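Here is the file input.pdb (PDB, C-alpha atoms).
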```
ATOM      1  CA  MET A   1      34.661   4.674  18.960
ATOM      2  CA  THR A   2      31.842   5.946  21.186
ATOM      3  CA  SER A   3      32.428   5.443  24.909
ATOM      4  CA  VAL A   4      30.476   2.847  26.874
ATOM      5  CA  VAL A   5      27.162   4.286  28.136
ATOM      6  CA  TYR A   6      25.994   1.251  30.146
ATOM      7  CA  GLU A   7      28.216  -1.589  31.351
ATOM      8  CA  ARG A   8      25.410  -4.129  30.991
ATOM      9  CA  VAL A   9      22.218  -3.857  28.909
ATOM     10  CA  ALA A  10      19.422  -6.446  29.004
ATOM     11  CA  LEU A  11      17.047  -6.752  26.030
ATOM     12  CA  ILE A  12      13.794  -8.508  26.908
ATOM     13  CA  GLY A  13      12.148  -9.734  23.716
ATOM     14  CA  LEU A  14      14.336 -10.341  20.654
ATOM     15  CA  GLY A  15      12.424  -9.092  17.614
ATOM     16  CA  LEU A  16      13.236  -6.422  15.020
ATOM     17  CA  ILE A  17      13.669  -3.530  17.479
ATOM     18  CA  ALA A  18      15.786  -5.408  20.051
ATOM     19  CA  SER A  19      17.982  -7.099  17.466
ATOM     20  CA  SER A  20      18.585  -3.762  15.718
ATOM     21  CA  MET A  21      19.425  -2.221  19.103
ATOM     22  CA  PHE A  22      22.018  -4.932  19.706
ATOM     23  CA  TRP A  23      23.714  -4.474  16.337
ATOM     24  CA  ALA A  24      23.664  -0.664  16.739
ATOM     25  CA  ILE A  25      25.089  -0.902  20.282
ATOM     26  CA  LYS A  26      27.866  -3.196  19.070
ATOM     27  CA  ARG A  27      28.613  -1.000  16.051
ATOM     28  CA  SER A  28      29.417   1.933  18.337
ATOM     29  CA  GLY A  29      30.687   0.114  21.433
ATOM     30  CA  LEU A  30      27.958   1.550  23.678
ATOM     31  CA  ALA A  31      27.776  -1.316  26.203
ATOM     32  CA  GLY A  32      30.202  -3.689  27.876
ATOM     33  CA  GLU A  33      27.803  -6.647  27.619
ATOM     34  CA  VAL A  34      24.323  -7.150  26.163
ATOM     35  CA  THR A  35      22.168  -9.975  27.497
ATOM     36  CA  GLY A  36      18.970 -11.081  25.833
ATOM     37  CA  PHE A  37      15.881 -13.117  26.608
ATOM     38  CA  ALA A  38      12.876 -14.298  24.591
ATOM     39  CA  ARG A  39       9.974 -16.472  25.760
ATOM     40  CA  SER A  40      10.262 -18.775  22.756
ATOM     41  CA  VAL A  41      12.970 -21.455  22.867
ATOM     42  CA  GLU A  42      13.125 -21.277  19.073
ATOM     43  CA  THR A  43      13.819 -17.516  19.180
ATOM     44  CA  ARG A  44      16.575 -18.000  21.755
ATOM     45  CA  GLU A  45      18.176 -20.720  19.625
ATOM     46  CA  THR A  46      18.007 -18.484  16.538
ATOM     47  CA  ALA A  47      19.572 -15.608  18.489
ATOM     48  CA  ARG A  48      22.458 -17.824  19.620
ATOM     49  CA  ARG A  49      22.980 -19.136  16.096
ATOM     50  CA  ILE A  50      23.292 -15.636  14.567
ATOM     51  CA  GLY A  51      25.325 -14.170  17.445
ATOM     52  CA  LEU A  52      22.519 -11.888  18.604
ATOM     53  CA  CYS A  53      23.454 -10.654  22.114
ATOM     54  CA  ASP A  54      26.667 -11.437  23.959
ATOM     55  CA  ARG A  55      24.700 -13.821  26.144
ATOM     56  CA  VAL A  56      21.224 -15.242  25.497
ATOM     57  CA  CYS A  57      19.624 -16.265  28.790
ATOM     58  CA  ASP A  58      17.042 -18.982  29.363
ATOM     59  CA  THR A  59      15.175 -16.997  32.036
ATOM     60  CA  VAL A  60      14.191 -13.341  32.208
ATOM     61  CA  VAL A  61      15.558 -13.178  35.769
ATOM     62  CA  GLU A  62      19.017 -14.235  34.593
ATOM     63  CA  ALA A  63      18.910 -11.682  31.771
ATOM     64  CA  VAL A  64      18.222  -8.689  34.062
ATOM     65  CA  GLN A  65      20.703  -9.724  36.772
ATOM     66  CA  ASP A  66      23.101  -6.790  37.424
ATOM     67  CA  ALA A  67      21.899  -4.956  34.299
ATOM     68  CA  ASP A  68      22.356  -1.162  34.305
ATOM     69  CA  LEU A  69      19.660  -0.798  31.640
ATOM     70  CA  VAL A  70      16.725  -3.135  31.006
ATOM     71  CA  VAL A  71      14.742  -2.530  27.801
ATOM     72  CA  LEU A  72      11.311  -4.127  27.435
ATOM     73  CA  CYS A  73      10.968  -5.027  23.742
ATOM     74  CA  VAL A  74       7.762  -7.050  24.099
ATOM     75  CA  PRO A  75       4.211  -6.286  22.867
ATOM     76  CA  VAL A  76       2.667  -3.446  24.882
ATOM     77  CA  GLY A  77      -0.089  -5.748  26.151
ATOM     78  CA  VAL A  78       2.343  -7.848  28.229
ATOM     79  CA  MET A  79       4.742  -5.161  29.494
ATOM     80  CA  GLY A  80       3.090  -4.940  32.913
ATOM     81  CA  GLN A  81       3.341  -8.691  33.360
ATOM     82  CA  VAL A  82       7.048  -8.701  32.435
ATOM     83  CA  ALA A  83       7.733  -5.730  34.730
ATOM     84  CA  ALA A  84       6.140  -7.598  37.659
ATOM     85  CA  GLU A  85       8.320 -10.621  36.917
ATOM     86  CA  ILE A  86      11.629  -8.744  36.792
ATOM     87  CA  ALA A  87      10.996  -6.129  39.508
ATOM     88  CA  PRO A  88      12.400  -8.101  42.481
ATOM     89  CA  HIS A  89      15.598  -8.848  40.558
ATOM     90  CA  LEU A  90      16.519  -5.361  39.327
ATOM     91  CA  LYS A  91      19.789  -3.814  40.440
ATOM     92  CA  ALA A  92      19.479  -0.663  42.604
ATOM     93  CA  GLY A  93      20.045   2.418  40.425
ATOM     94  CA  ALA A  94      19.242   0.560  37.200
ATOM     95  CA  THR A  95      17.119   2.148  34.470
ATOM     96  CA  VAL A  96      14.109   0.395  32.956
ATOM     97  CA  SER A  97      12.936   1.513  29.526
ATOM     98  CA  ASP A  98      10.784   0.137  26.716
ATOM     99  CA  VAL A  99      10.253   0.564  22.977
ATOM    100  CA  GLY A 100       6.451   0.480  22.801
ATOM    101  CA  SER A 101       4.586   2.733  20.389
ATOM    102  CA  VAL A 102       2.003   3.565  23.080
ATOM    103  CA  LYS A 103       3.161   5.354  26.204
ATOM    104  CA  ALA A 104       0.361   6.262  28.668
ATOM    105  CA  SER A 105      -0.891   2.676  29.051
ATOM    106  CA  VAL A 106       2.656   1.279  29.266
ATOM    107  CA  ILE A 107       3.504   3.711  32.074
ATOM    108  CA  GLU A 108       0.278   2.774  33.860
ATOM    109  CA  ALA A 109       1.041  -0.945  33.498
ATOM    110  CA  VAL A 110       4.770  -0.916  34.322
ATOM    111  CA  GLN A 111       5.424   1.853  36.846
ATOM    112  CA  PRO A 112       3.533   0.376  39.835
ATOM    113  CA  HIS A 113       5.745  -2.736  39.775
ATOM    114  CA  LEU A 114       9.122  -1.000  39.786
ATOM    115  CA  PRO A 115      11.116  -0.481  43.008
ATOM    116  CA  GLU A 116      11.722   3.108  44.146
ATOM    117  CA  ASP A 117      15.478   2.785  43.600
ATOM    118  CA  VAL A 118      15.014   2.035  39.872
ATOM    119  CA  HIS A 119      14.673   4.764  37.206
ATOM    120  CA  PHE A 120      11.882   4.441  34.637
ATOM    121  CA  VAL A 121      12.394   6.205  31.297
ATOM    122  CA  PRO A 122       9.890   4.976  28.679
ATOM    123  CA  ALA A 123      11.004   5.415  25.072
ATOM    124  CA  HIS A 124       9.707   4.932  21.550
ATOM    125  CA  PRO A 125      12.062   4.596  18.573
ATOM    126  CA  ILE A 126      10.020   5.645  15.525
ATOM    127  CA  ALA A 127      11.644   3.190  13.180
ATOM    128  CA  GLY A 128      10.757  -0.190  11.803
ATOM    129  CA  THR A 129      10.075  -2.362   8.806
ATOM    130  CA  GLU A 130       7.278  -4.799   8.009
ATOM    131  CA  HIS A 131       9.588  -7.657   9.066
ATOM    132  CA  SER A 132       9.759  -9.150  12.538
ATOM    133  CA  GLY A 133      11.801 -11.680  14.486
ATOM    134  CA  PRO A 134      15.438 -11.905  15.618
ATOM    135  CA  GLU A 135      16.877 -12.182  12.093
ATOM    136  CA  SER A 136      15.171  -8.993  10.855
ATOM    137  CA  GLY A 137      17.366  -6.517  12.776
ATOM    138  CA  PHE A 138      20.190  -4.385  11.381
ATOM    139  CA  ALA A 139      22.494  -1.752  12.889
ATOM    140  CA  GLU A 140      21.365   1.114  10.624
ATOM    141  CA  LEU A 141      17.642   0.952  11.532
ATOM    142  CA  TYR A 142      17.829   3.997  13.834
ATOM    143  CA  ASP A 143      20.163   6.176  11.761
ATOM    144  CA  ASN A 144      18.543   9.635  11.391
ATOM    145  CA  ARG A 145      15.252   8.317  12.802
ATOM    146  CA  TRP A 146      13.583   9.813  15.882
ATOM    147  CA  CYS A 147      13.423   8.253  19.317
ATOM    148  CA  LEU A 148      10.987   9.880  21.753
ATOM    149  CA  LEU A 149      11.758   9.707  25.475
ATOM    150  CA  VAL A 150       8.825  10.006  27.876
ATOM    151  CA  PRO A 151      10.338  10.221  31.380
ATOM    152  CA  VAL A 152       7.814   9.775  34.185
ATOM    153  CA  GLU A 153       7.305  12.446  36.831
ATOM    154  CA  GLY A 154      10.156  12.577  39.342
ATOM    155  CA  THR A 155      12.658  10.754  37.115
ATOM    156  CA  ASP A 156      16.288  11.664  37.758
ATOM    157  CA  PRO A 157      17.305  13.869  34.783
ATOM    158  CA  ALA A 158      20.707  12.135  34.744
ATOM    159  CA  ALA A 159      19.005   8.792  33.995
ATOM    160  CA  THR A 160      17.122  10.378  31.088
ATOM    161  CA  GLU A 161      20.309  11.970  29.718
ATOM    162  CA  ARG A 162      22.146   8.672  29.914
ATOM    163  CA  LEU A 163      19.431   6.933  27.899
ATOM    164  CA  ARG A 164      19.496   9.829  25.435
ATOM    165  CA  SER A 165      23.251   9.216  24.990
ATOM    166  CA  LEU A 166      22.588   5.560  24.166
ATOM    167  CA  TRP A 167      19.965   6.344  21.517
ATOM    168  CA  GLU A 168      22.091   9.106  20.000
ATOM    169  CA  GLY A 169      25.006   6.652  19.941
ATOM    170  CA  MET A 170      22.784   4.249  17.993
ATOM    171  CA  GLY A 171      22.262   6.967  15.360
ATOM    172  CA  ALA A 172      18.866   8.331  16.431
ATOM    173  CA  ASN A 173      17.665  11.903  16.875
ATOM    174  CA  VAL A 174      16.173  12.195  20.365
ATOM    175  CA  ASP A 175      13.304  14.318  21.671
ATOM    176  CA  GLU A 176      11.229  14.312  24.863
ATOM    177  CA  MET A 177       7.441  14.297  24.957
ATOM    178  CA  GLU A 178       4.615  13.979  27.466
ATOM    179  CA  ALA A 179       2.824  10.580  27.342
ATOM    180  CA  ASP A 180      -0.712  11.616  26.305
ATOM    181  CA  HIS A 181       0.600  13.962  23.633
ATOM    182  CA  HIS A 182       2.891  11.204  22.327
ATOM    183  CA  ASP A 183      -0.088   8.870  21.992
ATOM    184  CA  LEU A 184      -2.103  11.453  20.034
ATOM    185  CA  VAL A 185       0.820  12.247  17.700
ATOM    186  CA  LEU A 186       1.409   8.548  17.012
ATOM    187  CA  ALA A 187      -2.296   7.945  16.421
ATOM    188  CA  VAL A 188      -1.982  10.466  13.556
ATOM    189  CA  THR A 189       1.385   9.394  12.147
ATOM    190  CA  SER A 190       1.283   5.630  12.673
ATOM    191  CA  HIS A 191      -1.684   3.963  14.346
ATOM    192  CA  ALA A 192      -4.591   5.265  12.226
ATOM    193  CA  PRO A 193      -2.610   4.868   8.948
ATOM    194  CA  HIS A 194      -1.942   1.234   9.864
ATOM    195  CA  LEU A 195      -5.632   0.621  10.545
ATOM    196  CA  ILE A 196      -6.567   2.261   7.230
ATOM    197  CA  ALA A 197      -3.996   0.097   5.419
ATOM    198  CA  TYR A 198      -5.343  -3.064   7.063
ATOM    199  CA  THR A 199      -8.868  -1.999   6.068
ATOM    200  CA  MET A 200      -8.016  -1.301   2.419
ATOM    201  CA  VAL A 201      -6.245  -4.641   2.031
ATOM    202  CA  GLY A 202      -9.265  -6.285   3.707
ATOM    203  CA  VAL A 203     -11.630  -4.515   1.272
ATOM    204  CA  ALA A 204      -9.608  -5.845  -1.683
ATOM    205  CA  ASP A 205      -9.797  -9.328  -0.194
ATOM    206  CA  ASP A 206     -13.587  -9.071   0.267
ATOM    207  CA  LEU A 207     -14.375  -7.577  -3.152
ATOM    208  CA  ARG A 208     -15.114 -10.798  -4.988
ATOM    209  CA  ARG A 209     -15.544  -9.057  -8.371
ATOM    210  CA  VAL A 210     -11.794  -8.379  -8.242
ATOM    211  CA  THR A 211      -9.856 -11.626  -8.073
ATOM    212  CA  ASP A 212      -6.824 -12.239  -5.835
ATOM    213  CA  SER A 213      -4.645 -12.705  -8.915
ATOM    214  CA  GLU A 214      -5.725  -9.313 -10.299
ATOM    215  CA  VAL A 215      -5.016  -7.590  -6.967
ATOM    216  CA  ILE A 216      -1.519  -9.104  -6.921
ATOM    217  CA  LYS A 217      -0.761  -8.687 -10.641
ATOM    218  CA  TYR A 218      -2.034  -5.138 -11.153
ATOM    219  CA  SER A 219      -1.181  -3.595  -7.772
ATOM    220  CA  ALA A 220      -0.501   0.112  -8.194
ATOM    221  CA  ALA A 221       2.029   1.819  -5.937
ATOM    222  CA  GLY A 222      -0.592   3.027  -3.431
ATOM    223  CA  PHE A 223      -1.982  -0.445  -2.797
ATOM    224  CA  ARG A 224       1.527  -1.962  -2.675
ATOM    225  CA  ASP A 225       2.418   0.448   0.121
ATOM    226  CA  PHE A 226      -0.773  -0.494   1.965
ATOM    227  CA  THR A 227       0.143  -4.187   1.757
ATOM    228  CA  ARG A 228       3.650  -3.446   3.055
ATOM    229  CA  ILE A 229       2.181  -1.691   6.114
ATOM    230  CA  ALA A 230      -0.501  -4.356   6.563
ATOM    231  CA  ALA A 231       2.181  -7.070   6.694
ATOM    232  CA  SER A 232       3.329  -5.782  10.120
ATOM    233  CA  ASP A 233       3.283  -7.955  13.230
ATOM    234  CA  PRO A 234      -0.378  -8.764  14.105
ATOM    235  CA  THR A 235       0.155  -9.235  17.877
ATOM    236  CA  MET A 236       1.952  -5.918  18.241
ATOM    237  CA  TRP A 237      -0.717  -4.004  16.310
ATOM    238  CA  ARG A 238      -3.627  -5.670  18.100
ATOM    239  CA  ASP A 239      -2.113  -4.467  21.395
ATOM    240  CA  VAL A 240      -1.419  -0.966  20.036
ATOM    241  CA  PHE A 241      -5.084  -0.405  19.138
ATOM    242  CA  LEU A 242      -6.393  -1.839  22.399
ATOM    243  CA  THR A 243      -4.002   0.270  24.506
ATOM    244  CA  ASN A 244      -4.167   3.536  22.538
ATOM    245  CA  LYS A 245      -7.928   3.342  22.152
ATOM    246  CA  GLU A 246      -8.968   6.950  22.863
ATOM    247  CA  ALA A 247      -6.425   8.719  20.649
ATOM    248  CA  THR A 248      -6.907   6.268  17.772
ATOM    249  CA  LEU A 249     -10.707   6.602  17.911
ATOM    250  CA  GLU A 250     -10.400  10.407  17.956
ATOM    251  CA  ILE A 251      -8.228  10.405  14.821
ATOM    252  CA  LEU A 252     -10.436   7.822  13.078
ATOM    253  CA  GLY A 253     -13.442  10.056  13.784
ATOM    254  CA  ARG A 254     -11.651  12.984  12.146
ATOM    255  CA  PHE A 255     -10.621  10.728   9.252
ATOM    256  CA  THR A 256     -14.230   9.615   8.727
ATOM    257  CA  GLU A 257     -15.408  13.245   8.587
ATOM    258  CA  GLU A 258     -12.753  14.107   5.983
ATOM    259  CA  LEU A 259     -13.601  10.981   3.988
ATOM    260  CA  PHE A 260     -17.310  11.901   3.919
ATOM    261  CA  ALA A 261     -16.386  15.415   2.683
ATOM    262  CA  LEU A 262     -14.307  13.905  -0.141
ATOM    263  CA  GLN A 263     -17.109  11.467  -0.983
ATOM    264  CA  ARG A 264     -19.484  14.436  -1.237
ATOM    265  CA  ALA A 265     -17.043  16.326  -3.498
ATOM    266  CA  ILE A 266     -16.739  13.319  -5.832
ATOM    267  CA  ARG A 267     -20.520  12.769  -5.876
ATOM    268  CA  THR A 268     -21.284  16.428  -6.656
ATOM    269  CA  GLY A 269     -18.411  16.865  -9.113
ATOM    270  CA  ASP A 270     -16.678  19.464  -6.920
ATOM    271  CA  GLY A 271     -13.267  19.380  -8.636
ATOM    272  CA  GLU A 272     -12.150  22.574  -6.941
ATOM    273  CA  HIS A 273     -12.516  21.041  -3.472
ATOM    274  CA  LEU A 274     -10.599  17.919  -4.527
ATOM    275  CA  HIS A 275      -7.793  19.931  -6.170
ATOM    276  CA  ASP A 276      -7.397  22.250  -3.162
ATOM    277  CA  TYR A 277      -7.368  19.305  -0.756
ATOM    278  CA  PHE A 278      -4.759  17.356  -2.730
ATOM    279  CA  THR A 279      -2.603  20.494  -3.126
ATOM    280  CA  ARG A 280      -2.615  21.035   0.645
ATOM    281  CA  THR A 281      -1.722  17.422   1.413
ATOM    282  CA  ARG A 282       1.213  17.421  -1.040
ATOM    283  CA  ALA A 283       2.955  19.926   1.220
ATOM    284  CA  ILE A 284       3.115  17.355   4.040
ATOM    285  CA  ARG A 285       4.998  14.967   1.742
ATOM    286  CA  ARG A 286       7.484  17.686   0.808
ATOM    287  CA  GLY A 287       8.037  18.413   4.500
ATOM    288  CA  ILE A 288       8.807  14.746   5.258
ATOM    289  CA  ILE A 289      11.383  14.638   2.445
ATOM    290  CA  GLU A 290      12.953  17.946   3.507
ATOM    291  CA  ALA A 291      13.257  16.621   7.083
ATOM    292  CA  GLY A 292      15.275  13.668   5.748
ATOM    293  CA  GLN A 293      12.652  11.123   6.868
ATOM    294  CA  ASP A 294      12.112   9.672   3.362
ATOM    295  CA  THR A 295      13.514   9.989  -0.125
ATOM    296  CA  ALA A 296      12.134  11.724  -3.214
ATOM    297  CA  ALA A 297      13.642   9.018  -5.432
ATOM    298  CA  PRO A 298      11.285   7.240  -7.883
ATOM    299  CA  ASN A 299       9.367   4.416  -6.185
ATOM    300  CA  PHE A 300      10.529   5.954  -2.856
ATOM    301  CA  GLY A 301      14.008   4.600  -3.597
ATOM    302  CA  ARG A 302      12.814   1.091  -2.867
ATOM    303  CA  GLU A 303      14.242  -1.763  -4.858
ATOM    304  CA  LYS A 304      11.976  -3.229  -7.490
ATOM    305  CA  THR A 305      11.194  -6.884  -6.983
TER
END
```
Show the structure stored in the file as structure tokens.
Amino acid sequence: MTSVVYERVALIGLGLIASSMFWAIKRSGLAGEVTGFARSVETRETARRIGLCDRVCDTVVEAVQDADLVVLCVPVGVMGQVAAEIAPHLKAGATVSDVGSVKASVIEAVQPHLPEDVHFVPAHPIAGTEHSGPESGFAELYDNRWCLLVPVEGTDPAATERLRSLWEGMGANVDEMEADHHDLVLAVTSHAPHLIAYTMVGVADDLRRVTDSEVIKYSAAGFRDFTRIAASDPTMWRDVFLTNKEATLEILGRFTEELFALQRAIRTGDGEHLHDYFTRTRAIRRGIIEAGQDTAAPNFGREKT
């Protein structure tokens, strides 16, 4: 049994990430009590029905009352608004964190609202599925996945270490990173790939010479993976692209250049260029498997449906 890290944790927003946090916290006994709040009455009712959170509150103010840790699990576009709402009600010495996949804009939006006697340690668990909502969470989501902490300047190191203990207790590997660098890294590893997946699925939808039934019936593994990524929460991803604009546009520019080079190789029959390129990119896949971040099993170890 892991010892209690925070006596009271408040989860604001009750989707996949928050619900998985709750089940992981309970699995290891990391908090005395976990309160939860969601804007939607329906979400709160669902959370109560499935036993998500020790106490589901009907107001955000009630949820953060006396909390030692408040985690903002809402779309990045509304984090500043939520921070402004809870700021007057935060306990002195409490820590505020988040789970957004963009960091610089979240810090800019949230930090000005927080009282001086509250610690702010932004975080980003790099874990997820294409599912969303309170019923999508599970305790194992963070096992052997990375959580990046992005403490703001002047943060008490003890507050950062305490949050690190919570994430490690939930099964995650933890690293620290500076906000702008985080946003560039995630533009490469997550944001641009999502946009490319959305685009490819959109192309298939627009290509009228290929019918919807053919796309569904004859989907090869590559397209199936695109559709899995493109099924992610639309509100969250809209906000990600609008708030991580510069880094995403930089990576998309690089992507476009590479794509043009491959187009040229195909057009001119340059098999050597294509072979060398594909050989180099295979090494990245091997590295991901060796790091334990995916499996080499056939069909990526995913169940056939």
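Comparing A:Val71, A:Val64, A:Leu195, A:Val110 by their smallest distance to His89 of chain A, the closest is A:Val64 (using all atoms listed in the file).
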Apply the PyMOL selection byres ((chain A and resi 57-59) around 8) to the file shown and report the selected residues as a PyMOL selection string. chain A and resi 35-38+44+55-56+60-63
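The nearest approach to Gly171 of chain A among the residues A:Val9, A:Ala47, A:Leu14, A:Ala139, with only C-alpha atoms taken into account, belongs to A:Ala139.
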Which segment 193-257 of chain A residues have any atom within 12 Å of an atom of segment 15-22 of chain A, and for each, what is the nearest pair of atoms with distance in Å to one decimal, counting only C-alpha atoms, rows sorted by chain and number, as a tab-separated table?
```
residue	atom	partner	partner_atom	distance
A:Ser232	CA	A:Leu16	CA	11.1
A:Asp233	CA	A:Gly15	CA	10.2
A:Met236	CA	A:Gly15	CA	11.0
```
With only C-alpha atoms as the atoms that count, which of A:Gly169, A:Pro157, A:Pro151, A:Pro134 lies nearest to Val5 of chain A?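 So, comparing all the options, the nearest one is A:Gly169.
Atom pair atom CA of Glu250 of chain A / atom CA of Asp183 of chain A: separated by 11.2 Å.
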Take segment 240-248 of chain A, bring it up to all heavy atoms, and give me the output as a CSV table (one decimal), keeping the file's coordinate frame.
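Result saved to rebuild.csv:
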```csv
chain,number,residue,atom,x,y,z
A,240,VAL,N,-1.5,-2.4,20.2
A,240,VAL,CA,-1.4,-1.0,20.0
A,240,VAL,C,-2.8,-0.4,20.0
A,240,VAL,O,-3.1,0.6,20.7
A,240,VAL,CB,-0.7,-0.6,18.7
A,240,VAL,CG1,-0.9,0.8,18.3
A,240,VAL,CG2,0.8,-0.8,18.9
A,241,PHE,N,-3.7,-1.0,19.2
A,241,PHE,CA,-5.1,-0.4,19.1
A,241,PHE,C,-5.9,-0.6,20.4
A,241,PHE,O,-6.7,0.3,20.8
A,241,PHE,CB,-5.8,-1.0,18.0
A,241,PHE,CG,-5.2,-0.6,16.6
A,241,PHE,CD1,-4.8,-1.6,15.7
A,241,PHE,CD2,-5.1,0.7,16.3
A,241,PHE,CE1,-4.2,-1.2,14.5
A,241,PHE,CE2,-4.5,1.1,15.1
A,241,PHE,CZ,-4.1,0.1,14.2
A,242,LEU,N,-5.7,-1.6,21.1
A,242,LEU,CA,-6.4,-1.8,22.4
A,242,LEU,C,-5.9,-0.9,23.5
A,242,LEU,O,-6.6,-0.6,24.4
A,242,LEU,CB,-6.3,-3.3,22.8
A,242,LEU,CG,-7.0,-4.3,21.9
A,242,LEU,CD1,-6.9,-5.7,22.4
A,242,LEU,CD2,-8.5,-4.0,21.8
A,243,THR,N,-4.6,-0.5,23.4
A,243,THR,CA,-4.0,0.3,24.5
A,243,THR,C,-4.0,1.8,24.2
A,243,THR,O,-3.8,2.6,25.1
A,243,THR,CB,-2.6,-0.2,24.8
A,243,THR,OG1,-1.8,-0.3,23.7
A,243,THR,CG2,-2.6,-1.6,25.5
A,244,ASN,N,-4.1,2.1,22.9
A,244,ASN,CA,-4.2,3.5,22.5
A,244,ASN,C,-5.5,3.8,22.0
A,244,ASN,O,-5.7,4.5,21.0
A,244,ASN,CB,-3.1,3.9,21.5
A,244,ASN,CG,-2.9,5.4,21.4
A,244,ASN,OD1,-3.2,6.1,22.4
A,244,ASN,ND2,-2.4,5.9,20.3
A,245,LYS,N,-6.5,3.3,22.6
A,245,LYS,CA,-7.9,3.3,22.2
A,245,LYS,C,-8.4,4.8,21.9
A,245,LYS,O,-8.9,5.1,20.8
A,245,LYS,CB,-8.8,2.6,23.2
A,245,LYS,CG,-10.2,2.4,22.7
A,245,LYS,CD,-11.0,1.6,23.8
A,245,LYS,CE,-10.4,0.3,24.1
A,245,LYS,NZ,-11.3,-0.5,25.1
A,246,GLU,N,-8.3,5.6,22.9
A,246,GLU,CA,-9.0,7.0,22.9
A,246,GLU,C,-8.4,7.8,21.7
A,246,GLU,O,-9.1,8.4,20.9
A,246,GLU,CB,-8.8,7.7,24.2
A,246,GLU,CG,-9.8,7.1,25.3
A,246,GLU,CD,-9.6,7.8,26.6
A,246,GLU,OE1,-9.1,9.0,26.6
A,246,GLU,OE2,-9.9,7.2,27.6
A,247,ALA,N,-7.1,7.9,21.7
A,247,ALA,CA,-6.4,8.7,20.6
A,247,ALA,C,-6.7,8.2,19.3
A,247,ALA,O,-7.0,8.9,18.3
A,247,ALA,CB,-4.9,8.8,20.9
A,248,THR,N,-6.7,6.9,19.1
A,248,THR,CA,-6.9,6.3,17.8
A,248,THR,C,-8.3,6.5,17.3
A,248,THR,O,-8.6,6.9,16.2
A,248,THR,CB,-6.6,4.7,17.8
A,248,THR,OG1,-5.3,4.5,18.2
A,248,THR,CG2,-6.8,4.2,16.4
```
